[in-house]
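Printed here is data16.cif (mmCIF, C-alpha atoms; chains and numbers go by the auth columns):
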data_target
loop_
_atom_site.group_PDB
_atom_site.id
_atom_site.type_symbol
_atom_site.label_atom_id
_atom_site.label_comp_id
_atom_site.label_asym_id
_atom_site.label_seq_id
_atom_site.Cartn_x
_atom_site.Cartn_y
_atom_site.Cartn_z
_atom_site.B_iso_or_equiv
_atom_site.auth_seq_id
_atom_site.auth_asym_id
ATOM 1 C CA MET A 1 20.205 -124.743 58.475 0.00 1 B
ATOM 2 C CA ALA A 2 17.676 -121.990 57.777 0.00 2 B
ATOM 3 C CA GLN A 3 17.425 -120.659 54.221 0.00 3 B
ATOM 4 C CA ARG A 4 17.756 -116.908 53.571 0.00 4 B
ATOM 5 C CA LYS A 5 15.044 -115.160 51.702 0.00 5 B
ATOM 6 C CA PRO A 6 16.203 -113.213 48.732 0.00 6 B
ATOM 7 C CA PRO A 7 15.819 -109.418 49.098 0.00 7 B
ATOM 8 C CA THR A 8 12.615 -108.110 47.724 0.00 8 B
ATOM 9 C CA LYS A 9 12.755 -105.663 44.794 0.00 9 B
ATOM 10 C CA PRO A 10 10.808 -102.545 45.109 0.00 10 B
ATOM 11 C CA SER A 11 7.521 -102.647 43.314 0.00 11 B
ATOM 12 C CA LYS A 12 7.382 -100.726 40.051 0.00 12 B
ATOM 13 C CA SER A 13 3.994 -99.502 40.975 0.00 13 B
ATOM 14 C CA ALA A 14 5.165 -97.693 44.106 0.00 14 B
ATOM 15 C CA PRO A 15 4.665 -93.979 43.881 0.00 15 B
ATOM 16 C CA LYS A 16 7.727 -91.761 43.504 0.00 16 B
ATOM 17 C CA ALA A 17 8.382 -89.032 46.006 0.00 17 B
ATOM 18 C CA ALA A 18 6.864 -85.708 44.922 0.00 18 B
ATOM 19 C CA LYS A 19 9.287 -82.897 44.043 0.00 19 B
ATOM 20 C CA SER A 20 8.783 -79.572 45.776 0.00 20 B
ATOM 21 C CA VAL A 21 7.641 -76.799 43.378 0.00 21 B
ATOM 22 C CA PRO A 22 8.250 -73.157 44.358 0.00 22 B
ATOM 23 C CA THR A 23 5.079 -71.163 44.708 0.00 23 B
ATOM 24 C CA ARG A 24 4.381 -68.148 42.385 0.00 24 B
ATOM 25 C CA PRO A 25 2.406 -65.063 43.309 0.00 25 B
ATOM 26 C CA ALA A 26 -1.121 -65.066 42.110 0.00 26 B
ATOM 27 C CA ALA A 27 -1.526 -63.400 38.725 0.00 27 B
ATOM 28 C CA LYS A 28 -3.331 -60.040 38.666 0.00 28 B
ATOM 29 C CA PRO A 29 -6.617 -59.990 36.889 0.00 29 B
ATOM 30 C CA PRO A 30 -6.307 -58.518 33.369 0.00 30 B
ATOM 31 C CA THR A 31 -7.021 -54.790 33.026 0.00 31 B
ATOM 32 C CA LYS A 32 -10.308 -54.176 31.389 0.00 32 B
ATOM 33 C CA ARG A 33 -10.132 -52.230 28.129 0.00 33 B
ATOM 34 C CA PRO A 34 -12.961 -50.211 26.706 0.00 34 B
ATOM 35 C CA PRO A 35 -14.902 -52.142 24.165 0.00 35 B
ATOM 36 C CA THR A 36 -13.974 -51.348 20.582 0.00 36 B
ATOM 37 C CA LYS A 37 -16.250 -51.092 17.690 0.00 37 B
ATOM 38 C CA PRO A 38 -16.309 -54.073 15.390 0.00 38 B
ATOM 39 C CA GLY A 39 -13.754 -53.884 12.611 0.00 39 B
ATOM 40 C CA LYS A 40 -11.610 -51.171 14.294 0.00 40 B
ATOM 41 C CA SER A 41 -8.389 -51.533 16.219 0.00 41 B
ATOM 42 C CA ILE A 42 -7.338 -49.255 19.045 0.00 42 B
ATOM 43 C CA VAL A 43 -3.887 -48.984 17.497 0.00 43 B
ATOM 44 C CA ASN A 44 -5.299 -47.742 14.194 0.00 44 B
ATOM 45 C CA GLN A 45 -7.554 -45.057 15.647 0.00 45 B
ATOM 46 C CA LYS A 46 -6.732 -41.522 14.318 0.00 46 B
ATOM 47 C CA GLN A 47 -5.503 -39.088 16.931 0.00 47 B
ATOM 48 C CA THR A 48 -6.384 -35.349 16.881 0.00 48 B
ATOM 49 C CA PRO A 49 -3.508 -33.327 15.261 0.00 49 B
ATOM 50 C CA TRP A 50 -3.310 -30.660 17.970 0.00 50 B
ATOM 51 C CA ALA A 51 0.065 -29.337 16.777 0.00 51 B
ATOM 52 C CA LEU A 52 -1.273 -28.732 13.279 0.00 52 B
ATOM 53 C CA ILE A 53 -4.416 -27.044 14.602 0.00 53 B
ATOM 54 C CA ALA A 54 -2.345 -24.803 16.855 0.00 54 B
ATOM 55 C CA GLY A 55 -0.139 -23.789 13.920 0.00 55 B
ATOM 56 C CA VAL A 56 -3.120 -22.892 11.768 0.00 56 B
ATOM 57 C CA VAL A 57 -4.629 -20.806 14.572 0.00 57 B
ATOM 58 C CA VAL A 58 -1.370 -18.875 14.977 0.00 58 B
ATOM 59 C CA ILE A 59 -1.216 -18.150 11.232 0.00 59 B
ATOM 60 C CA VAL A 60 -4.834 -16.988 11.150 0.00 60 B
ATOM 61 C CA LEU A 61 -4.330 -14.697 14.132 0.00 61 B
ATOM 62 C CA PHE A 62 -1.150 -13.273 12.605 0.00 62 B
ATOM 63 C CA ALA A 63 -2.873 -12.584 9.272 0.00 63 B
ATOM 64 C CA GLY A 64 -5.816 -11.028 11.084 0.00 64 B
ATOM 65 C CA GLY A 65 -3.456 -8.744 12.966 0.00 65 B
ATOM 66 C CA ILE A 66 -1.857 -7.538 9.733 0.00 66 B
ATOM 67 C CA ILE A 67 -5.249 -6.824 8.154 0.00 67 B
ATOM 68 C CA ALA A 68 -6.459 -5.002 11.252 0.00 68 B
ATOM 69 C CA TYR A 69 -3.307 -2.874 11.273 0.00 69 B
ATOM 70 C CA ALA A 70 -3.703 -1.987 7.592 0.00 70 B
ATOM 71 C CA VAL A 71 -7.350 -1.017 8.088 0.00 71 B
ATOM 72 C CA THR A 72 -6.459 1.078 11.119 0.00 72 B
ATOM 73 C CA GLN A 73 -3.724 2.858 9.210 0.00 73 B
ATOM 74 C CA HIS A 74 -6.078 3.543 6.308 0.00 74 B
ATOM 75 C CA LYS A 75 -8.748 4.958 8.600 0.00 75 B
ATOM 76 C CA SER A 76 -6.335 6.985 10.672 0.00 76 B
ATOM 77 C CA SER A 77 -5.943 10.716 10.246 0.00 77 B
ATOM 78 C CA LYS A 78 -3.820 11.903 7.353 0.00 78 B
ATOM 79 C CA SER A 79 -1.788 13.989 9.780 0.00 79 B
ATOM 80 C CA GLY A 80 0.885 11.294 9.741 0.00 80 B
ATOM 81 C CA ASP A 81 1.409 11.479 5.974 0.00 81 B
ATOM 82 C CA SER A 82 4.751 12.964 5.032 0.00 82 B
ATOM 83 C CA PHE A 83 3.300 15.105 2.213 0.00 83 B
ATOM 84 C CA LEU A 84 1.465 17.190 4.836 0.00 84 B
ATOM 85 C CA SER A 85 4.732 18.425 6.290 0.00 85 B
ATOM 86 C CA GLU A 86 6.890 20.961 4.518 0.00 86 B
ATOM 87 C CA LEU A 87 9.990 19.450 2.986 0.00 87 B
ATOM 88 C CA ALA A 88 13.207 20.870 4.408 0.00 88 B
ATOM 89 C CA ALA A 89 14.856 21.117 0.983 0.00 89 B
ATOM 90 C CA ALA A 90 11.893 23.119 -0.332 0.00 90 B
ATOM 91 C CA LYS A 91 12.260 25.714 2.415 0.00 91 B
ATOM 92 C CA ALA A 92 15.623 26.649 0.945 0.00 92 B
ATOM 93 C CA ILE A 93 13.999 27.952 -2.246 0.00 93 B
ATOM 94 C CA PRO A 94 13.396 31.702 -1.831 0.00 94 B
ATOM 95 C CA GLY A 95 9.803 32.796 -2.367 0.00 95 B
ATOM 96 C CA LEU A 96 8.350 29.267 -2.291 0.00 96 B
ATOM 97 C CA THR A 97 5.138 28.871 -0.299 0.00 97 B
ATOM 98 C CA PHE A 98 3.737 25.750 1.324 0.00 98 B
ATOM 99 C CA LYS A 99 0.127 25.010 2.174 0.00 99 B
ATOM 100 C CA THR A 100 -1.261 21.897 3.832 0.00 100 B
ATOM 101 C CA GLU A 101 -3.786 20.217 1.546 0.00 101 B
ATOM 102 C CA ALA A 102 -5.321 17.371 3.547 0.00 102 B
ATOM 103 C CA SER A 103 -8.565 16.974 1.616 0.00 103 B
ATOM 104 C CA ARG A 104 -8.214 15.125 -1.684 0.00 104 B
ATOM 105 C CA ASP A 105 -11.544 13.508 -2.477 0.00 105 B
ATOM 106 C CA HIS A 106 -12.874 12.840 -5.957 0.00 106 B
ATOM 107 C CA ILE A 107 -15.650 15.149 -7.129 0.00 107 B
ATOM 108 C CA ALA A 108 -17.626 13.484 -9.904 0.00 108 B
ATOM 109 C CA SER A 109 -19.054 16.687 -11.350 0.00 109 B
ATOM 110 C CA GLY A 110 -19.117 20.438 -10.895 0.00 110 B
ATOM 111 C CA THR A 111 -16.388 22.874 -10.013 0.00 111 B
ATOM 112 C CA VAL A 112 -14.262 23.156 -6.877 0.00 112 B
ATOM 113 C CA ASN A 113 -13.599 26.447 -5.133 0.00 113 B
ATOM 114 C CA TYR A 114 -9.869 26.398 -4.463 0.00 114 B
ATOM 115 C CA ASP A 115 -8.081 28.575 -1.938 0.00 115 B
ATOM 116 C CA SER A 116 -5.241 29.481 -4.281 0.00 116 B
ATOM 117 C CA SER A 117 -4.882 30.388 -7.949 0.00 117 B
ATOM 118 C CA PRO A 118 -3.593 28.268 -9.566 0.00 118 B
ATOM 119 C CA PRO A 119 -4.558 25.581 -7.060 0.00 119 B
ATOM 120 C CA VAL A 120 -1.925 23.425 -5.377 0.00 120 B
ATOM 121 C CA GLY A 121 -4.161 20.658 -4.027 0.00 121 B
ATOM 122 C CA GLY A 122 -7.557 19.755 -2.630 0.00 122 B
ATOM 123 C CA ASP A 123 -10.575 17.876 -3.944 0.00 123 B
ATOM 124 C CA HIS A 124 -10.482 17.165 -7.653 0.00 124 B
ATOM 125 C CA SER A 125 -11.869 15.322 -10.646 0.00 125 B
ATOM 126 C CA PRO A 126 -11.323 11.558 -10.777 0.00 126 B
ATOM 127 C CA TYR A 127 -9.991 12.181 -14.314 0.00 127 B
ATOM 128 C CA TRP A 128 -6.436 13.495 -14.152 0.00 128 B
ATOM 129 C CA ALA A 129 -4.714 15.602 -16.763 0.00 129 B
ATOM 130 C CA ASP A 130 -1.963 13.891 -18.708 0.00 130 B
ATOM 131 C CA CYS A 131 1.383 14.729 -17.116 0.00 131 B
ATOM 132 C CA THR A 132 3.897 12.844 -19.224 0.00 132 B
ATOM 133 C CA GLY A 133 5.739 15.967 -20.331 0.00 133 B
ATOM 134 C CA THR A 134 2.671 17.511 -21.929 0.00 134 B
ATOM 135 C CA VAL A 135 2.655 21.093 -23.189 0.00 135 B
ATOM 136 C CA TYR A 136 -0.958 22.276 -23.506 0.00 136 B
ATOM 137 C CA ALA A 137 -1.739 25.069 -25.918 0.00 137 B
ATOM 138 C CA ASP A 138 -4.792 26.187 -23.934 0.00 138 B
ATOM 139 C CA ALA A 139 -5.794 26.415 -20.301 0.00 139 B
ATOM 140 C CA ILE A 140 -6.916 23.193 -18.661 0.00 140 B
ATOM 141 C CA ALA A 141 -9.458 22.600 -15.909 0.00 141 B
ATOM 142 C CA ASN A 142 -8.265 23.095 -12.354 0.00 142 B
ATOM 143 C CA GLU A 143 -9.935 19.894 -11.181 0.00 143 B
ATOM 144 C CA ASN A 144 -7.987 17.756 -13.670 0.00 144 B
ATOM 145 C CA ALA A 145 -4.732 19.579 -13.023 0.00 145 B
ATOM 146 C CA VAL A 146 -4.974 19.093 -9.254 0.00 146 B
ATOM 147 C CA HIS A 147 -5.391 15.366 -9.762 0.00 147 B
ATOM 148 C CA MET A 148 -2.102 15.191 -11.651 0.00 148 B
ATOM 149 C CA LEU A 149 -0.430 17.090 -8.801 0.00 149 B
ATOM 150 C CA GLU A 150 -1.635 14.314 -6.529 0.00 150 B
ATOM 151 C CA HIS A 151 0.312 11.910 -8.759 0.00 151 B
ATOM 152 C CA GLY A 152 3.521 13.864 -8.263 0.00 152 B
ATOM 153 C CA ALA A 153 3.476 16.216 -11.255 0.00 153 B
ATOM 154 C CA VAL A 154 4.921 19.715 -11.429 0.00 154 B
ATOM 155 C CA TRP A 155 2.545 22.032 -13.259 0.00 155 B
ATOM 156 C CA ILE A 156 4.042 25.113 -14.895 0.00 156 B
ATOM 157 C CA THR A 157 1.565 27.851 -15.769 0.00 157 B
ATOM 158 C CA TYR A 158 2.194 31.117 -17.548 0.00 158 B
ATOM 159 C CA LYS A 159 0.315 34.290 -18.319 0.00 159 B
ATOM 160 C CA PRO A 160 -1.211 34.357 -21.810 0.00 160 B
ATOM 161 C CA GLY A 161 0.810 36.669 -24.024 0.00 161 B
ATOM 162 C CA LEU A 162 4.145 35.701 -22.439 0.00 162 B
ATOM 163 C CA ALA A 163 7.075 36.272 -24.809 0.00 163 B
ATOM 164 C CA LYS A 164 7.567 33.352 -27.191 0.00 164 B
ATOM 165 C CA ALA A 165 11.192 32.994 -26.129 0.00 165 B
ATOM 166 C CA ASP A 166 10.100 32.457 -22.517 0.00 166 B
ATOM 167 C CA VAL A 167 7.384 30.009 -23.546 0.00 167 B
ATOM 168 C CA SER A 168 9.975 28.088 -25.552 0.00 168 B
ATOM 169 C CA THR A 169 12.370 27.988 -22.583 0.00 169 B
ATOM 170 C CA LEU A 170 9.651 26.593 -20.334 0.00 170 B
ATOM 171 C CA SER A 171 8.543 24.094 -22.972 0.00 171 B
ATOM 172 C CA LYS A 172 12.062 22.619 -23.093 0.00 172 B
ATOM 173 C CA LEU A 173 11.874 21.971 -19.352 0.00 173 B
ATOM 174 C CA VAL A 174 8.569 20.145 -19.740 0.00 174 B
ATOM 175 C CA SER A 175 8.356 18.433 -23.102 0.00 175 B
ATOM 176 C CA GLY A 176 8.835 14.681 -22.865 0.00 176 B
ATOM 177 C CA GLN A 177 9.596 14.742 -19.121 0.00 177 B
ATOM 178 C CA ASP A 178 7.484 12.448 -16.980 0.00 178 B
ATOM 179 C CA ARG A 179 5.492 14.121 -14.162 0.00 179 B
ATOM 180 C CA MET A 180 5.586 17.464 -15.954 0.00 180 B
ATOM 181 C CA ALA A 181 2.869 19.548 -17.599 0.00 181 B
ATOM 182 C CA MET A 182 2.517 23.121 -18.754 0.00 182 B
ATOM 183 C CA SER A 183 -0.393 25.343 -19.765 0.00 183 B
ATOM 184 C CA PRO A 184 -1.380 29.018 -20.004 0.00 184 B
ATOM 185 C CA TYR A 185 -3.379 30.346 -17.074 0.00 185 B
ATOM 186 C CA PRO A 186 -5.551 33.430 -17.556 0.00 186 B
ATOM 187 C CA GLY A 187 -5.522 35.833 -14.612 0.00 187 B
ATOM 188 C CA LEU A 188 -2.110 34.753 -13.324 0.00 188 B
ATOM 189 C CA LYS A 189 -0.659 37.445 -11.045 0.00 189 B
ATOM 190 C CA THR A 190 2.902 36.995 -12.364 0.00 190 B
ATOM 191 C CA ASN A 191 4.303 35.872 -15.681 0.00 191 B
ATOM 192 C CA ILE A 192 4.995 32.315 -14.486 0.00 192 B
ATOM 193 C CA SER A 193 4.052 30.091 -11.584 0.00 193 B
ATOM 194 C CA LEU A 194 4.961 26.537 -10.619 0.00 194 B
ATOM 195 C CA GLN A 195 2.722 24.149 -8.671 0.00 195 B
ATOM 196 C CA ALA A 196 3.346 20.840 -6.921 0.00 196 B
ATOM 197 C CA TRP A 197 1.080 19.295 -4.304 0.00 197 B
ATOM 198 C CA GLY A 198 1.053 21.877 -1.495 0.00 198 B
ATOM 199 C CA TYR A 199 3.841 24.000 -3.021 0.00 199 B
ATOM 200 C CA GLN A 200 3.855 27.106 -5.212 0.00 200 B
ATOM 201 C CA LEU A 201 6.387 29.498 -6.640 0.00 201 B
ATOM 202 C CA PHE A 202 5.706 32.735 -8.567 0.00 202 B
ATOM 203 C CA VAL A 203 8.426 34.143 -10.848 0.00 203 B
ATOM 204 C CA ASP A 204 8.618 36.677 -13.672 0.00 204 B
ATOM 205 C CA LYS A 205 11.331 35.245 -15.916 0.00 205 B
ATOM 206 C CA ALA A 206 11.754 31.852 -17.528 0.00 206 B
ATOM 207 C CA SER A 207 15.485 32.115 -16.838 0.00 207 B
ATOM 208 C CA ASP A 208 14.963 32.259 -13.060 0.00 208 B
ATOM 209 C CA PRO A 209 17.170 29.499 -11.518 0.00 209 B
ATOM 210 C CA ARG A 210 14.522 28.792 -8.890 0.00 210 B
ATOM 211 C CA ILE A 211 12.376 27.128 -11.564 0.00 211 B
ATOM 212 C CA GLN A 212 14.870 24.282 -11.954 0.00 212 B
ATOM 213 C CA GLN A 213 15.297 24.109 -8.179 0.00 213 B
ATOM 214 C CA PHE A 214 11.570 23.689 -7.770 0.00 214 B
ATOM 215 C CA ILE A 215 11.439 20.905 -10.357 0.00 215 B
ATOM 216 C CA ASP A 216 14.462 19.048 -8.977 0.00 216 B
ATOM 217 C CA THR A 217 13.134 19.189 -5.421 0.00 217 B
ATOM 218 C CA LEU A 218 9.446 18.477 -5.839 0.00 218 B
ATOM 219 C CA ARG A 219 8.839 16.546 -9.060 0.00 219 B
ATOM 220 C CA TYR A 220 7.595 13.084 -8.120 0.00 220 B
ATOM 221 C CA ASN A 221 9.174 13.261 -4.684 0.00 221 B
ATOM 222 C CA PRO A 222 7.938 10.316 -2.546 0.00 222 B
ATOM 223 C CA LYS A 223 7.801 12.617 0.484 0.00 223 B
ATOM 224 C CA THR A 224 5.546 15.151 -1.205 0.00 224 B
ATOM 225 C CA THR A 225 3.456 12.988 -3.549 0.00 225 B
ATOM 226 C CA PRO A 226 0.168 11.796 -2.001 0.00 226 B
ATOM 227 C CA GLU A 227 -0.272 8.978 -4.531 0.00 227 B
ATOM 228 C CA TYR A 228 3.285 7.970 -5.241 0.00 228 B
ATOM 229 C CA GLY A 229 3.315 5.211 -7.856 0.00 229 B
ATOM 230 C CA ALA A 230 0.105 6.307 -9.564 0.00 230 B
ATOM 231 C CA ASP A 231 0.183 6.654 -13.345 0.00 231 B
ATOM 232 C CA CYS A 232 0.574 10.046 -14.986 0.00 232 B
ATOM 233 C CA SER A 233 -0.490 8.970 -18.455 0.00 233 B
ATOM 234 C CA GLN A 234 -3.968 9.914 -19.681 0.00 234 B
ATOM 235 C CA PRO A 235 -4.001 9.698 -23.505 0.00 235 B
ATOM 236 C CA THR A 236 -7.627 10.739 -23.922 0.00 236 B
ATOM 237 C CA PHE A 237 -7.103 13.915 -21.909 0.00 237 B
ATOM 238 C CA LYS A 238 -3.943 14.635 -23.844 0.00 238 B
ATOM 239 C CA THR A 239 -5.783 14.588 -27.148 0.00 239 B
ATOM 240 C CA HIS A 240 -8.975 16.198 -25.824 0.00 240 B
ATOM 241 C CA PRO A 241 -8.071 18.411 -22.848 0.00 241 B
ATOM 242 C CA SER A 242 -10.881 19.460 -20.548 0.00 242 B
ATOM 243 C CA THR A 243 -11.322 23.152 -19.842 0.00 243 B
ATOM 244 C CA PHE A 244 -14.416 22.821 -17.677 0.00 244 B
ATOM 245 C CA GLY A 245 -13.732 24.139 -14.195 0.00 245 B
ATOM 246 C CA HIS A 246 -11.109 26.658 -15.196 0.00 246 B
ATOM 247 C CA PRO A 247 -12.087 30.195 -14.055 0.00 247 B
ATOM 248 C CA LEU A 248 -11.977 31.444 -17.636 0.00 248 B
ATOM 249 C CA PHE A 249 -14.473 28.808 -18.740 0.00 249 B
ATOM 250 C CA ALA A 250 -16.650 28.542 -15.652 0.00 250 B
ATOM 251 C CA PRO A 251 -20.354 28.525 -16.564 0.00 251 B
ATOM 252 C CA VAL A 252 -22.203 31.763 -15.925 0.00 252 B
ATOM 253 C CA SER A 253 -25.345 31.367 -13.819 0.00 253 B
ATOM 254 C CA GLY A 254 -28.607 32.895 -15.026 0.00 254 B
#
Re-express the file's structure as structure tokens.
Amino acid sequence: MAQRKPPTKPSKSAPKAAKSVPTRPAAKPPTKRPPTKPGKSIVNQKQTPWALIAGVVVIVLFAGGIIAYAVTQHKSSKSGDSFLSELAAAKAIPGLTFKTEASRDHIASGTVNYDSSPPVGGDHSPYWADCTGTVYADAIANENAVHMLEHGAVWITYKPGLAKADVSTLSKLVSGQDRMAMSPYPGLKTNISLQAWGYQLFVDKASDPRIQQFIDTLRYNPKTTPEYGADCSQPTFKTHPSTFGHPLFAPVSG
């Protein structure tokens, strides 16, 4: 009887069947980056602050526009200034006259030939007469008086020799009142006259109600004062008033 051979065991060294591995798409080559300088990272590089620069430019242009406007306004004709137009309330005062006084430059020395007496405006001395309610005993220079008119003062003048009672009445209207001054004026055509920048009123009596109307309407009025806000105090002039330039004291040639 034939003997059966025992079944053979598979050899441990036999290779195992290879597992199938799914294929992947080929990887793309890495994107080239620009070379960086040693010691610096691309992430840490400072970026240009365009928003900040744009804001600064806008501010500069805005400021420049304001300055240009101010310069233009300063250089423009004075025809747009309100003090060159007659005030409606002043027209209601009977006998009041108005004259446009556009020129108001400073004259360092010499006299100015004014187109009215007493003058109501025009070129003048850079040194204004004190107008803090000052009652002058003597005539004062036109050039200094006109400058105080530019600052909004009302200047009351009276004919030398006016009755003391009338002088006292006028003094009470002036004394201690800011933007007011009073002085005698030789050669005045009436007993009393009142001056503000561009405005004038001639009267004969200190009791005339138009005097108070004139003061109430034109004293330091922002619409009639060329240099509104300018000071009216001038202590040195108050203690040592100038008379140079007044017709009575004008130097005689020859």
So, counting all atoms listed in the file, which residue among B:Leu194, B:Ile93, B:Gln200, B:Asn221 is closest to B:Val174?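 Of all the options, B:Leu194 lies closest to B:Val174.
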When you look at stretch 147-149 of chain B with a cut-off of 10 Å (counting all atoms listed in the file), what residues show up, excluding the ones that are within fewer than 2 positions of it in the same chain? I need them as a count of residues only. 45
Find the distance between atom CA of B:Ser171 and atom CA of B:Lys189 and write it in Å to one decimal. 20.1 Å
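Between atom CA of B:Val146 and atom CA of B:Ser175 the interatomic distance comes to 19.2 Å.
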Interatomic distance between atom CA of B:Leu84 and atom CA of B:Ser103?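 Computed distance, atom CA of B:Leu84 to atom CA of B:Ser103, equals 10.5 Å.
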Of the residues B:Lys159, B:Lys99, B:His240, B:Lys223, which is the one nearest to B:Tyr185, using only C-alpha atoms? B:Lys159
Selected residue of minimal separation from B:Gln213 among B:Val135, B:Ser85, B:Lys91, B:Trp50, counting all atoms listed in the file: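 Of B:Val135, B:Ser85, B:Lys91, B:Trp50, the one nearest B:Gln213, counting all atoms listed in the file, is B:Lys91.
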Resolved residues for the PyMOL selection byres ((chain B and resi 89) around 10) as an NGL selection string: :B and (86-88 or 90-93 or 213-214 or 217-218)
Counting all atoms listed in the file, which residue out of B:Asp138, B:Asp166, B:Asp115, B:Asp216 sits closest to B:Pro186? B:Asp138
Distance query B:Leu188 at most 10 Å, all atoms listed in the file, self and fewer than 2 positions along chain excluded, as a PyMOL selection string: chain B and resi 117-118+157-160+184-186+190-193+202
Calculate, to one decimal in Å, the centre and edge lengths of the box along x, y and z of the file that holds all listed atoms of stretch 134-148 of chain B with 8 Å of margin on each side, and present them as JSON.
{"center_x": -3.6, "center_y": 20.8, "center_z": -17.6, "size_x": 28.6, "size_y": 27.2, "size_z": 32.7}
With all atoms listed in the file as the atoms that count, which of B:Pro49, B:Gly55, B:Gly110, B:Gly95 lies nearest to B:Ile211? B:Gly95
Pick out the closest residue to B:Asp178 from this set: B:Gly133, B:Pro222, B:Pro235, B:Gly229. Count all atoms listed in the file. B:Gly133
The PyMOL selection byres ((chain B and resi 241) around 9) - which residues does that actually catch in the file I just gave you? List them as a PDB file with C-alpha atoms, in the frame of the given file.
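The file below, expr.pdb, is the result:
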ATOM      1  CA  ALA B 129      -4.714  15.602 -16.763  1.00  0.00           C
ATOM      2  CA  ASP B 130      -1.963  13.891 -18.708  1.00  0.00           C
ATOM      3  CA  TYR B 136      -0.958  22.276 -23.506  1.00  0.00           C
ATOM      4  CA  ASP B 138      -4.792  26.187 -23.934  1.00  0.00           C
ATOM      5  CA  ALA B 139      -5.794  26.415 -20.301  1.00  0.00           C
ATOM      6  CA  ILE B 140      -6.916  23.193 -18.661  1.00  0.00           C
ATOM      7  CA  ALA B 141      -9.458  22.600 -15.909  1.00  0.00           C
ATOM      8  CA  THR B 236      -7.627  10.739 -23.922  1.00  0.00           C
ATOM      9  CA  PHE B 237      -7.103  13.915 -21.909  1.00  0.00           C
ATOM     10  CA  LYS B 238      -3.943  14.635 -23.844  1.00  0.00           C
ATOM     11  CA  THR B 239      -5.783  14.588 -27.148  1.00  0.00           C
ATOM     12  CA  HIS B 240      -8.975  16.198 -25.824  1.00  0.00           C
ATOM     13  CA  SER B 242     -10.881  19.460 -20.548  1.00  0.00           C
ATOM     14  CA  THR B 243     -11.322  23.152 -19.842  1.00  0.00           C
TER      15      THR B 243
END
